[in-house]
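Colleague: If it helps, the file is called work25.txt and holds compact mmCIF, C-alpha atoms:
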```
# COMPACT_ATOMS: atom_id res chain seq x y z
CA MET A 1100 0.00 0.00 0.00
CA ASN A 1101 2.88 2.39 0.75
CA ARG A 1102 4.33 1.81 -2.71
CA LEU A 1103 0.94 2.41 -4.31
CA LYS A 1104 0.54 5.67 -2.38
CA VAL A 1105 4.00 6.81 -3.50
CA PHE A 1106 3.11 6.07 -7.13
CA LEU A 1107 -0.25 7.85 -6.97
CA LYS A 1108 1.11 10.94 -5.19
CA TYR A 1109 4.32 11.34 -7.18
CA PRO A 1110 3.98 14.69 -9.02
CA ASN A 1111 6.33 14.09 -11.95
CA LYS A 1112 4.85 10.92 -13.44
CA LYS A 1113 4.79 10.10 -17.11
CA SER A 1114 1.39 10.41 -18.79
CA PHE A 1115 -0.90 7.40 -18.38
CA PRO A 1116 -0.89 6.61 -22.14
CA LYS A 1117 2.93 6.63 -22.07
CA MET A 1118 3.03 4.38 -19.01
CA ILE A 1119 0.58 1.93 -20.58
CA LYS A 1120 2.65 1.83 -23.77
CA GLU A 1121 5.89 1.20 -21.86
CA VAL A 1122 4.32 -1.51 -19.70
CA VAL A 1123 3.05 -3.33 -22.80
CA ILE A 1124 6.47 -3.11 -24.46
CA LEU A 1125 8.13 -4.47 -21.31
CA MET A 1126 5.62 -7.34 -21.14
CA ILE A 1127 6.51 -8.34 -24.70
CA LYS A 1128 10.28 -7.89 -24.41
CA LYS A 1129 10.77 -9.23 -20.88
CA ARG A 1130 8.03 -11.87 -20.97
CA GLU A 1131 6.74 -10.98 -17.54
CA ILE A 1132 4.22 -8.62 -15.96
CA PRO A 1133 6.46 -5.65 -15.08
CA PHE A 1134 5.28 -4.87 -11.55
CA TYR A 1135 8.76 -3.43 -10.95
CA TYR A 1136 7.85 -0.61 -13.35
CA PHE A 1137 5.74 0.99 -10.61
CA LYS A 1138 8.63 1.22 -8.17
CA TYR A 1139 10.55 3.78 -10.20
CA LEU A 1140 10.20 3.58 -14.00
CA TYR A 1141 6.90 5.53 -14.07
CA ARG A 1142 8.91 8.71 -13.30
CA LYS A 1143 9.63 11.11 -16.16
CA GLU A 1144 13.38 11.02 -15.51
CA ALA A 1145 13.44 7.25 -16.28
CA THR A 1146 13.50 7.77 -20.04
CA ASN A 1147 15.63 4.68 -20.77
CA TYR A 1148 13.24 2.22 -19.11
CA LEU A 1149 14.47 -0.70 -21.24
CA ASP A 1150 17.94 -0.42 -19.66
CA TYR A 1151 16.63 -1.46 -16.24
CA VAL A 1152 16.99 -5.05 -15.11
CA SER A 1153 13.58 -6.72 -14.80
CA PHE A 1154 12.39 -8.82 -11.85
CA LYS A 1155 13.12 -12.12 -13.63
CA GLU A 1156 16.57 -10.85 -14.61
CA GLN A 1157 17.21 -9.84 -10.99
CA LEU A 1158 16.45 -13.40 -9.93
CA LEU A 1159 18.91 -14.74 -12.49
CA LEU A 1160 21.66 -12.47 -11.17
CA VAL A 1161 21.18 -13.35 -7.51
CA ASP A 1162 20.07 -17.00 -7.69
CA HIS A 1163 21.53 -18.73 -10.75
CA ARG A 1164 23.97 -21.48 -9.78
CA ALA A 1165 26.05 -20.79 -12.88
CA LEU A 1166 26.86 -17.39 -11.37
CA HIS A 1167 27.15 -18.36 -7.70
CA ASN A 1168 29.32 -20.98 -6.02
CA PRO A 1169 27.49 -22.25 -2.88
CA ASP A 1170 30.76 -22.26 -0.91
CA TYR A 1171 31.40 -18.59 -1.71
CA VAL A 1172 27.79 -17.68 -0.92
CA ALA A 1173 28.04 -19.35 2.50
CA LEU A 1174 31.25 -17.42 3.18
CA THR A 1175 30.02 -13.99 2.14
CA ASN A 1176 26.48 -14.13 3.54
CA ASN A 1177 27.54 -15.00 7.09
CA LYS A 1178 29.17 -12.02 8.82
CA LEU A 1179 30.99 -14.22 11.33
CA TYR A 1180 32.46 -16.53 8.69
CA PHE A 1181 33.47 -13.52 6.62
CA ALA A 1182 35.10 -11.72 9.56
CA LEU A 1183 37.11 -14.82 10.52
CA PHE A 1184 38.15 -15.33 6.89
CA CYS A 1185 39.28 -11.71 6.60
CA GLU A 1186 41.40 -12.08 9.74
CA ARG A 1187 43.31 -14.94 8.16
CA THR A 1188 43.78 -13.31 4.76
CA SER A 1189 44.67 -9.76 5.89
CA ILE A 1190 41.67 -8.21 4.13
CA ARG A 1191 41.09 -4.74 5.57
CA THR A 1192 38.00 -5.05 7.76
CA PRO A 1193 36.85 -3.90 11.24
CA LYS A 1194 38.70 -5.67 14.07
CA LEU A 1195 36.78 -8.71 15.29
CA THR A 1196 37.10 -8.53 19.07
CA SER A 1197 34.72 -11.33 20.04
CA TYR A 1198 31.42 -12.98 19.17
CA ASN A 1199 28.66 -14.93 20.87
CA LEU A 1200 26.35 -17.81 20.07
CA GLU A 1201 23.61 -17.13 22.61
CA SER A 1202 25.15 -17.50 26.10
CA ASN A 1203 28.52 -18.76 24.82
CA PHE A 1204 30.90 -15.85 24.32
CA PHE A 1205 34.16 -16.27 22.40
CA PHE A 1206 37.11 -14.01 23.22
CA ASN A 1207 40.87 -14.42 23.12
CA ASN A 1208 40.67 -18.11 22.08
CA GLU A 1209 38.47 -18.93 25.07
CA VAL A 1210 34.78 -19.68 25.54
CA VAL A 1211 32.98 -17.99 28.43
CA GLN A 1212 29.45 -18.98 29.37
CA ILE A 1213 27.48 -15.92 30.42
CA THR A 1214 24.76 -16.96 32.87
CA ASN A 1215 23.94 -13.63 34.53
CA LYS A 1216 24.21 -9.87 34.08
CA GLU A 1217 27.30 -9.47 36.23
CA LYS A 1218 29.23 -11.99 34.15
CA LEU A 1219 28.24 -10.09 31.03
CA LYS A 1220 29.43 -6.83 32.55
CA THR A 1221 32.74 -8.36 33.63
CA PHE A 1222 33.25 -9.93 30.18
CA PHE A 1223 32.92 -6.62 28.34
CA GLU A 1224 34.84 -4.62 30.93
CA THR A 1225 37.74 -7.02 30.38
CA LEU A 1226 37.35 -6.76 26.62
CA PHE A 1227 37.26 -2.95 26.68
CA GLU A 1228 40.39 -2.85 28.82
CA THR A 1229 42.25 -5.40 26.71
CA HIS A 1230 41.60 -3.55 23.45
CA LYS A 1231 41.76 -0.04 24.95
CA ILE A 1232 38.35 0.90 23.50
CA ASP A 1233 35.14 2.30 24.92
CA ALA A 1234 32.55 1.07 22.37
CA LEU A 1235 31.66 -1.95 20.23
CA PHE A 1236 29.38 -2.56 17.27
CA PHE A 1237 27.17 -5.68 17.16
CA ARG A 1238 25.73 -7.39 14.06
CA PRO A 1239 23.69 -10.61 13.77
CA PRO A 1240 25.66 -13.00 11.52
CA SER A 1241 22.86 -13.70 9.04
CA ASP A 1242 20.48 -10.73 9.02
CA TYR A 1243 20.35 -8.11 6.27
CA GLY A 1244 19.61 -4.43 5.92
CA GLY A 1245 20.98 -3.38 9.29
CA LYS A 1246 18.41 -5.44 11.20
CA GLY A 1247 19.43 -6.20 14.77
CA CYS A 1248 22.58 -4.05 14.66
CA PHE A 1249 23.43 -1.83 17.61
CA LYS A 1250 26.28 0.01 19.30
CA MET A 1251 27.31 -0.50 22.93
CA THR A 1252 29.45 1.84 25.03
CA LYS A 1253 30.98 1.56 28.49
CA LEU A 1254 28.16 3.76 29.72
CA ASP A 1255 25.59 1.26 28.43
CA LEU A 1256 27.11 -1.39 30.71
CA GLN A 1257 26.11 0.82 33.61
CA ASN A 1258 22.75 2.14 32.44
CA ASN A 1259 21.34 -0.48 30.08
CA LEU A 1260 22.69 -3.79 31.37
CA GLU A 1261 19.29 -5.50 31.73
CA ASP A 1262 18.32 -4.96 28.08
CA LEU A 1263 21.83 -5.81 26.84
CA TYR A 1264 21.82 -9.10 28.70
CA LYS A 1265 18.40 -10.16 27.36
CA ASN A 1266 19.31 -9.18 23.81
CA LEU A 1267 22.75 -10.76 23.66
CA VAL A 1268 22.22 -14.11 25.40
CA HIS A 1269 19.11 -14.82 23.33
CA GLY A 1270 20.81 -14.13 20.01
CA ASN A 1271 23.98 -14.51 17.97
CA PHE A 1272 26.23 -11.51 17.35
CA VAL A 1273 29.54 -10.53 15.79
CA HIS A 1274 31.36 -7.93 17.94
CA THR A 1275 33.72 -5.50 16.21
CA LYS A 1276 35.54 -2.30 17.03
CA VAL A 1277 33.61 0.85 16.17
CA ILE A 1278 34.84 2.44 12.94
CA LYS A 1279 36.14 5.99 12.88
CA GLN A 1280 34.65 7.60 9.80
CA HIS A 1281 36.45 10.00 7.47
CA ASP A 1282 35.81 13.65 8.36
CA ASP A 1283 34.53 14.48 4.87
CA ILE A 1284 31.79 11.82 5.18
CA ASN A 1285 30.98 13.07 8.70
CA LYS A 1286 30.22 16.50 7.22
CA ILE A 1287 27.24 14.93 5.49
CA HIS A 1288 26.15 12.69 8.37
CA SER A 1289 28.09 11.63 11.46
CA LYS A 1290 25.58 9.62 13.54
CA SER A 1291 26.05 6.46 11.45
CA VAL A 1292 28.89 4.89 9.48
CA ASN A 1293 27.73 5.66 5.93
CA THR A 1294 28.90 2.79 3.77
CA LEU A 1295 29.44 2.44 0.06
CA ARG A 1296 27.86 -0.53 -1.71
CA ILE A 1297 30.17 -1.57 -4.53
CA VAL A 1298 28.89 -4.40 -6.74
CA SER A 1299 31.40 -6.63 -8.54
CA LEU A 1300 30.61 -8.96 -11.45
CA LEU A 1301 32.63 -11.84 -12.86
CA THR A 1302 32.43 -11.28 -16.62
CA LEU A 1303 32.20 -13.91 -19.32
CA GLU A 1304 35.86 -13.21 -20.08
CA GLY A 1305 36.81 -14.12 -16.50
CA ASN A 1306 37.56 -10.56 -15.34
CA ILE A 1307 36.19 -8.75 -12.30
CA GLU A 1308 34.31 -5.55 -13.11
CA ILE A 1309 32.62 -3.01 -10.86
CA ILE A 1310 29.10 -2.50 -12.22
CA SER A 1311 27.49 -0.33 -9.56
CA ALA A 1312 28.39 2.04 -6.74
CA PHE A 1313 26.27 4.02 -4.30
CA ILE A 1314 26.50 5.28 -0.74
CA ARG A 1315 23.89 4.79 1.99
CA PHE A 1316 23.24 7.49 4.60
CA GLY A 1317 21.52 7.17 7.93
CA VAL A 1318 19.07 9.77 9.18
CA GLY A 1319 18.41 11.16 12.63
CA ASP A 1320 20.12 9.27 15.44
CA SER A 1321 20.08 5.86 13.70
CA VAL A 1322 23.41 3.99 13.88
CA VAL A 1323 22.66 2.11 10.64
CA ASP A 1324 22.65 3.57 7.14
CA ASN A 1325 20.68 0.99 5.17
CA ALA A 1326 18.01 2.22 2.79
CA THR A 1327 15.90 -0.78 3.81
CA SER A 1328 16.00 0.47 7.43
CA GLY A 1329 14.78 3.99 6.67
CA GLY A 1330 17.93 5.62 5.33
CA PHE A 1331 18.50 6.61 1.72
CA PHE A 1332 21.09 6.13 -1.03
CA VAL A 1333 22.94 8.30 -3.52
CA GLY A 1334 24.45 6.96 -6.74
CA ILE A 1335 28.18 7.34 -7.41
CA ASP A 1336 29.74 8.03 -10.79
CA LEU A 1337 31.81 4.91 -11.46
CA GLU A 1338 34.53 6.79 -13.32
CA ASN A 1339 35.37 9.55 -10.85
CA GLY A 1340 33.74 8.68 -7.52
CA VAL A 1341 31.56 11.81 -7.44
CA LEU A 1342 28.05 11.69 -5.96
CA LYS A 1343 25.11 12.12 -8.27
CA PRO A 1344 22.82 15.11 -7.63
CA LYS A 1345 19.88 13.20 -6.13
CA GLY A 1346 19.43 10.82 -3.23
CA HIS A 1347 16.58 8.31 -3.10
CA TYR A 1348 14.42 6.78 -0.39
CA LEU A 1349 12.96 3.38 -1.20
CA PRO A 1350 9.20 3.34 -1.96
CA GLU A 1351 8.44 1.60 1.35
CA HIS A 1352 9.97 4.62 3.08
CA GLY A 1353 8.21 7.28 1.04
CA GLY A 1354 10.10 7.16 -2.27
CA LYS A 1355 11.20 10.78 -1.90
CA GLU A 1356 14.07 12.24 -3.93
CA ILE A 1357 16.37 14.70 -2.17
CA THR A 1358 19.37 16.82 -3.12
CA GLU A 1359 20.82 17.31 0.36
CA HIS A 1360 20.99 15.42 3.65
CA PRO A 1361 17.82 16.12 5.67
CA ASP A 1362 19.78 16.59 8.91
CA SER A 1363 22.94 18.45 7.88
CA GLY A 1364 21.66 20.20 4.75
CA TYR A 1365 24.83 19.12 2.92
CA LYS A 1366 24.29 19.01 -0.86
CA PHE A 1367 25.32 15.81 -2.66
CA GLU A 1368 26.19 17.20 -6.08
CA GLY A 1369 29.93 17.46 -6.68
CA PHE A 1370 30.97 15.61 -3.50
CA LYS A 1371 33.88 13.28 -4.24
CA ILE A 1372 34.24 10.09 -2.20
CA PRO A 1373 37.57 10.14 -0.33
CA TYR A 1374 39.98 7.33 -1.35
CA TYR A 1375 37.68 6.30 -4.20
CA LYS A 1376 40.46 4.71 -6.27
CA GLU A 1377 41.61 2.78 -3.18
CA VAL A 1378 38.00 1.64 -2.63
CA CYS A 1379 37.86 0.18 -6.15
CA ASP A 1380 41.30 -1.44 -5.81
CA LEU A 1381 40.33 -3.01 -2.46
CA VAL A 1382 37.08 -4.43 -3.86
CA LEU A 1383 38.73 -5.81 -7.00
CA ASP A 1384 41.57 -7.40 -5.03
CA THR A 1385 39.14 -9.00 -2.55
CA ALA A 1386 36.82 -10.18 -5.32
CA ARG A 1387 39.74 -12.04 -6.86
CA ILE A 1388 40.22 -13.86 -3.55
CA ILE A 1389 36.48 -14.69 -3.38
CA PRO A 1390 35.61 -14.87 -7.09
CA ASP A 1391 31.86 -15.39 -6.88
CA GLY A 1392 29.87 -14.18 -9.87
CA LEU A 1393 28.09 -11.25 -8.24
CA ILE A 1394 28.92 -9.70 -4.85
CA GLY A 1395 27.86 -6.50 -3.11
CA TRP A 1396 30.71 -5.13 -0.99
CA ASP A 1397 29.95 -2.77 1.88
CA VAL A 1398 32.89 -0.41 2.31
CA ALA A 1399 33.49 2.26 4.96
CA ILE A 1400 35.89 5.17 4.52
CA THR A 1401 38.20 5.80 7.49
CA PRO A 1402 40.78 8.61 7.83
CA ASN A 1403 43.38 6.07 6.69
CA GLY A 1404 41.52 4.61 3.75
CA PRO A 1405 38.73 2.12 2.96
CA ILE A 1406 37.84 -1.06 4.84
CA ILE A 1407 35.35 -3.78 3.88
CA ILE A 1408 32.55 -4.18 6.41
CA GLU A 1409 30.88 -7.19 4.84
CA ALA A 1410 29.99 -8.91 1.58
CA ASN A 1411 26.60 -9.92 0.18
CA ALA A 1412 25.89 -12.52 -2.48
CA GLU A 1413 22.43 -10.98 -2.94
CA PRO A 1414 23.05 -7.26 -3.41
CA HIS A 1415 20.00 -5.04 -3.74
CA ILE A 1416 19.67 -5.01 -7.55
CA PRO A 1417 16.74 -2.50 -7.64
CA ILE A 1418 18.91 0.08 -5.84
CA SER A 1419 21.81 -0.52 -8.23
CA ASN A 1420 19.36 -0.15 -11.13
CA ILE A 1421 18.37 3.33 -9.92
CA ALA A 1422 21.86 4.36 -8.80
CA GLN A 1423 23.37 3.61 -12.22
CA GLY A 1424 20.40 4.66 -14.32
CA GLY A 1425 19.81 1.11 -15.59
CA LEU A 1426 22.23 -1.80 -15.18
CA LEU A 1427 21.68 -3.03 -18.72
CA LYS A 1428 23.64 -0.04 -20.01
CA ASN A 1429 26.65 -2.05 -18.81
CA LYS A 1430 27.71 -4.47 -21.56
CA HIS A 1431 29.06 -6.99 -19.04
CA VAL A 1432 25.72 -7.22 -17.20
CA LYS A 1433 23.88 -7.61 -20.50
CA ASN A 1434 26.28 -10.32 -21.74
CA VAL A 1435 26.11 -12.29 -18.49
CA LEU A 1436 22.31 -12.17 -18.48
CA ASP A 1437 22.12 -13.26 -22.10
CA GLU A 1438 24.30 -16.25 -21.25
CA LEU A 1439 22.30 -17.15 -18.13
CA LYS A 1440 19.06 -17.09 -20.12
CA LYS A 1441 20.45 -19.81 -22.39
CA LYS A 1442 21.13 -22.22 -19.51
```
Translate this file's structure into structure tokens.
Modeller:
Amino acid sequence: MNRLKVFLKYPNKKSFPKMIKEVVILMIKKREIPFYYFKYLYRKEATNYLDYVSFKEQLLLVDHRALHNPDYVALTNNKLYFALFCERTSIRTPKLTSYNLESNFFFNNEVVQITNKEKLKTFFETLFETHKIDALFFRPPSDYGGKGCFKMTKLDLQNNLEDLYKNLVHGNFVHTKVIKQHDDINKIHSKSVNTLRIVSLLTLEGNIEIISAFIRFGVGDSVVDNATSGGFFVGIDLENGVLKPKGHYLPEHGGKEITEHPDSGYKFEGFKIPYYKEVCDLVLDTARIIPDGLIGWDVAITPNGPIIIEANAEPHIPISNIAQGGLLKNKHVKNVLDELKKK
């Protein structure tokens, strides 16, 4: 219903005869009912509607076994597996301090069973002292879109211990050091770590290519930046790392287009991502180590360069479609899809 309301209220729609014509053409060419058209392609700015990956094509990209090795998918989609793998291969990623599987907490090659609040408090006080830190970031190993993520400080151990205990011992979490974000990114929004999503594709020629790039921003006091959790995204020019003029909320969060951050008022147009070349090099190097067919890499920018937060074998194709103005403009995406359709 939210998506329908966004469509009906959007002021800059194409005319209804034009929309009907385009929907019919898509039905013939794509051989499916193009429900995806009403998420974005009804807007006047989407003139090249045939360049956008359809729903069936999205499924091919994220699900086809010819493109995805199950072993690589298991590695990238589990944040704990990925963090442990990165530790052993020197991939730049946030420091894994500890993790827990319900009441069993793993730290410093030992397993500690946490059976009460005081043990939990002692565990993290020891961890904070050992690593000389005062905050940690927690992520469920298998959830997506920022679900279940939270930040914990030393002060929380004093003021919020009851809720922390209930949350942690009844779940599974990866515990990492909090990232210090680059000052230039903080100028736009500092309450969350605002990550880049860089999508890599293994081409038919066996090369790794970057086919999409965008940055997610949090809003308000949220510590997560994901567009699926209420934040928004801004496309990045693949050639020069400069933000595109408009940011986008997903339809389920209003579908609004914006030109500046709603909290800081910082305009997106002309902003260049710090260390953009290093971001691309890091993604390409890591994708050669884990050469799955299609991976979405979440990258944070620190004062000292980029680090990979996590990897996703099912990157959000609709966002990439919008961020790049149609993924089928990329010859590698088109060639891979043509090949998958034959199988």
Colleague: Let me make sure I understand: among A:Ile1389, A:Leu1107, A:Val1298, A:Leu1263, which one has the smallest atom-to-atom distance to Val1172 (chain A) if we use all atoms listed in the file?
Modeller: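 Closest residue, counting all atoms listed in the file: A:Ile1389.
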Colleague: Considering all atoms listed in the file, can you say which of A:Gly1334, A:Tyr1135, A:Ile1307, A:Lys1428 comes closest to Asp1380 (chain A)?
Modeller: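 With all atoms listed in the file as the atom set, the closest residue is A:Ile1307.
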Colleague: By how many Å are CA of Lys1279 (chain A) and CA of Ile1400 (chain A) apart?
Modeller: 8.4 Å
Colleague: Using only C-alpha atoms, determine which residues lie at most 12 Å from Lys1265 (chain A), disregarding the query and same-chain residues fewer than 3 positions distant; provide the list as a PyMOL selection string.
Modeller: chain A and resi 1201-1202+1213-1216+1219+1259-1262+1268-1271
Colleague: With all atoms listed in the file counted, which protein, DNA or RNA residues have an atom no more than 8 Å from (20.2, -6.4, -10.1) in the file frame? Please answer as an NGL selection string.
Modeller: :A and (1152 or 1156-1158 or 1160-1161 or 1414-1420 or 1426)
Colleague: For the selection you just gave me, I'd like the residues written to a file as a PDB file, keeping the file's coordinate frame, keeping C-alpha atoms.
Modeller:
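What landed in again.pdb:
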```
ATOM      1  CA  VAL A1152      16.990  -5.050 -15.110  1.00  0.00           C
ATOM      2  CA  GLU A1156      16.570 -10.850 -14.610  1.00  0.00           C
ATOM      3  CA  GLN A1157      17.210  -9.840 -10.990  1.00  0.00           C
ATOM      4  CA  LEU A1158      16.450 -13.400  -9.930  1.00  0.00           C
ATOM      5  CA  LEU A1160      21.660 -12.470 -11.170  1.00  0.00           C
ATOM      6  CA  VAL A1161      21.180 -13.350  -7.510  1.00  0.00           C
ATOM      7  CA  PRO A1414      23.050  -7.260  -3.410  1.00  0.00           C
ATOM      8  CA  HIS A1415      20.000  -5.040  -3.740  1.00  0.00           C
ATOM      9  CA  ILE A1416      19.670  -5.010  -7.550  1.00  0.00           C
ATOM     10  CA  PRO A1417      16.740  -2.500  -7.640  1.00  0.00           C
ATOM     11  CA  ILE A1418      18.910   0.080  -5.840  1.00  0.00           C
ATOM     12  CA  SER A1419      21.810  -0.520  -8.230  1.00  0.00           C
ATOM     13  CA  ASN A1420      19.360  -0.150 -11.130  1.00  0.00           C
ATOM     14  CA  LEU A1426      22.230  -1.800 -15.180  1.00  0.00           C
TER      15      LEU A1426
END
```
Colleague: I need the residue nearest Glu1356 (chain A) from this list: A:Pro1193, A:Phe1134, A:Leu1125, A:Arg1142. Use all atoms listed in the file for the distance.
Modeller: A:Arg1142
Colleague: As a ChimeraX atom specification, please: the residues near Thr1175 (chain A) (cut-off 9 Å, all atoms listed in the file, same-chain neighbours under 4 positions excluded).
Modeller: /A:1170-1171,1180-1181,1389,1394,1409-1412
Colleague: Which value, in Å to one decimal, gives the distance between CA of Lys1371 (chain A) and CA of Leu1295 (chain A)?
Modeller: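 Result for CA of Lys1371 (chain A) versus CA of Leu1295 (chain A): 12.5 Å, one decimal.
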Colleague: What does the distance between CA of Asp1255 (chain A) and CA of Ala1234 (chain A) come to in Å, to one decimal place?
Modeller: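 Value for the CA of Asp1255 (chain A)-CA of Ala1234 (chain A) distance: 9.2 Å.
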Colleague: Nearest to Leu1381 (chain A) among A:Gly1425, A:Pro1116, A:Pro1110, A:Pro1405, with distances taken over all atoms listed in the file: which residue is it?
Modeller: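 Going through A:Gly1425, A:Pro1116, A:Pro1110, A:Pro1405 one by one, the smallest distance to Leu1381 (chain A) is for A:Pro1405.
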Colleague: In terms of the shortest atom-to-atom distance over all atoms listed in the file, which of A:Val1432, A:Val1123, A:Leu1300, A:Ile1310 is closest to Leu1393 (chain A)?
Modeller: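 Distance minimum relative to Leu1393 (chain A) lands on A:Leu1300.
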Colleague: Calculated over only C-alpha atoms, which of the candidates A:Leu1342, A:Ile1408, A:Gly1353, A:Leu1436 has the smallest distance to Ile1190 (chain A)?
Modeller: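 Among the listed residues, A:Ile1408 lies closest to Ile1190 (chain A).
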Colleague: Region 1214-1285 of chain A near region 1328-1332 of chain A within 12 Å: what's each residue's closest atom pair and its distance in Å to one decimal, counting all atoms listed in the file, ordered by chain then ascending residue number, as a Markdown table?
Modeller:
```
| residue | atom | partner | partner_atom | distance |
| --- | --- | --- | --- | --- |
| A:Tyr1243 | CA | A:Ser1328 | CA | 9.7 |
| A:Gly1244 | CA | A:Ser1328 | CA | 6.3 |
| A:Gly1245 | CA | A:Ser1328 | CA | 6.6 |
| A:Lys1246 | CA | A:Ser1328 | CA | 7.4 |
| A:Gly1247 | CA | A:Ser1328 | CA | 10.5 |
| A:Cys1248 | CA | A:Ser1328 | CA | 10.8 |
```
Colleague: Box in all listed atoms of region 1332-1345 of chain A, axis-aligned, with 6 Å more on each side; write out centre and edge lengths in Å to one decimal as AutoDock Vina command-line options.
Modeller:
```
--center_x 27.6 --center_y 10.0 --center_z -7.2 --size_x 27.5 --size_y 22.2 --size_z 24.3
```
Colleague: Can you tell me, as a short mmCIF file (atom, residue, chain, number, x, y, z; two decimals) with C-alpha atoms, keeping the file's coordinate frame, what residues are no more than 8 Å from region 1283-1292 of chain A when counting all atoms listed in the file, ignoring any on the same chain fewer than 2 positions away?
Modeller:
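Okay, this is what ended up in out_39.cif:
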```
data_model
loop_
_atom_site.label_atom_id
_atom_site.label_comp_id
_atom_site.auth_asym_id
_atom_site.auth_seq_id
_atom_site.Cartn_x
_atom_site.Cartn_y
_atom_site.Cartn_z
CA ILE A 1278 34.84 2.44 12.94
CA GLN A 1280 34.65 7.60 9.80
CA HIS A 1281 36.45 10.00 7.47
CA THR A 1294 28.90 2.79 3.77
CA PHE A 1316 23.24 7.49 4.60
CA GLY A 1317 21.52 7.17 7.93
CA VAL A 1318 19.07 9.77 9.18
CA GLY A 1319 18.41 11.16 12.63
CA ASP A 1320 20.12 9.27 15.44
CA SER A 1321 20.08 5.86 13.70
CA VAL A 1322 23.41 3.99 13.88
CA VAL A 1323 22.66 2.11 10.64
CA ASP A 1324 22.65 3.57 7.14
CA HIS A 1360 20.99 15.42 3.65
CA ASP A 1362 19.78 16.59 8.91
CA SER A 1363 22.94 18.45 7.88
CA GLY A 1364 21.66 20.20 4.75
CA TYR A 1365 24.83 19.12 2.92
CA ILE A 1372 34.24 10.09 -2.20
CA PRO A 1373 37.57 10.14 -0.33
CA ALA A 1399 33.49 2.26 4.96
CA ILE A 1400 35.89 5.17 4.52
#
```
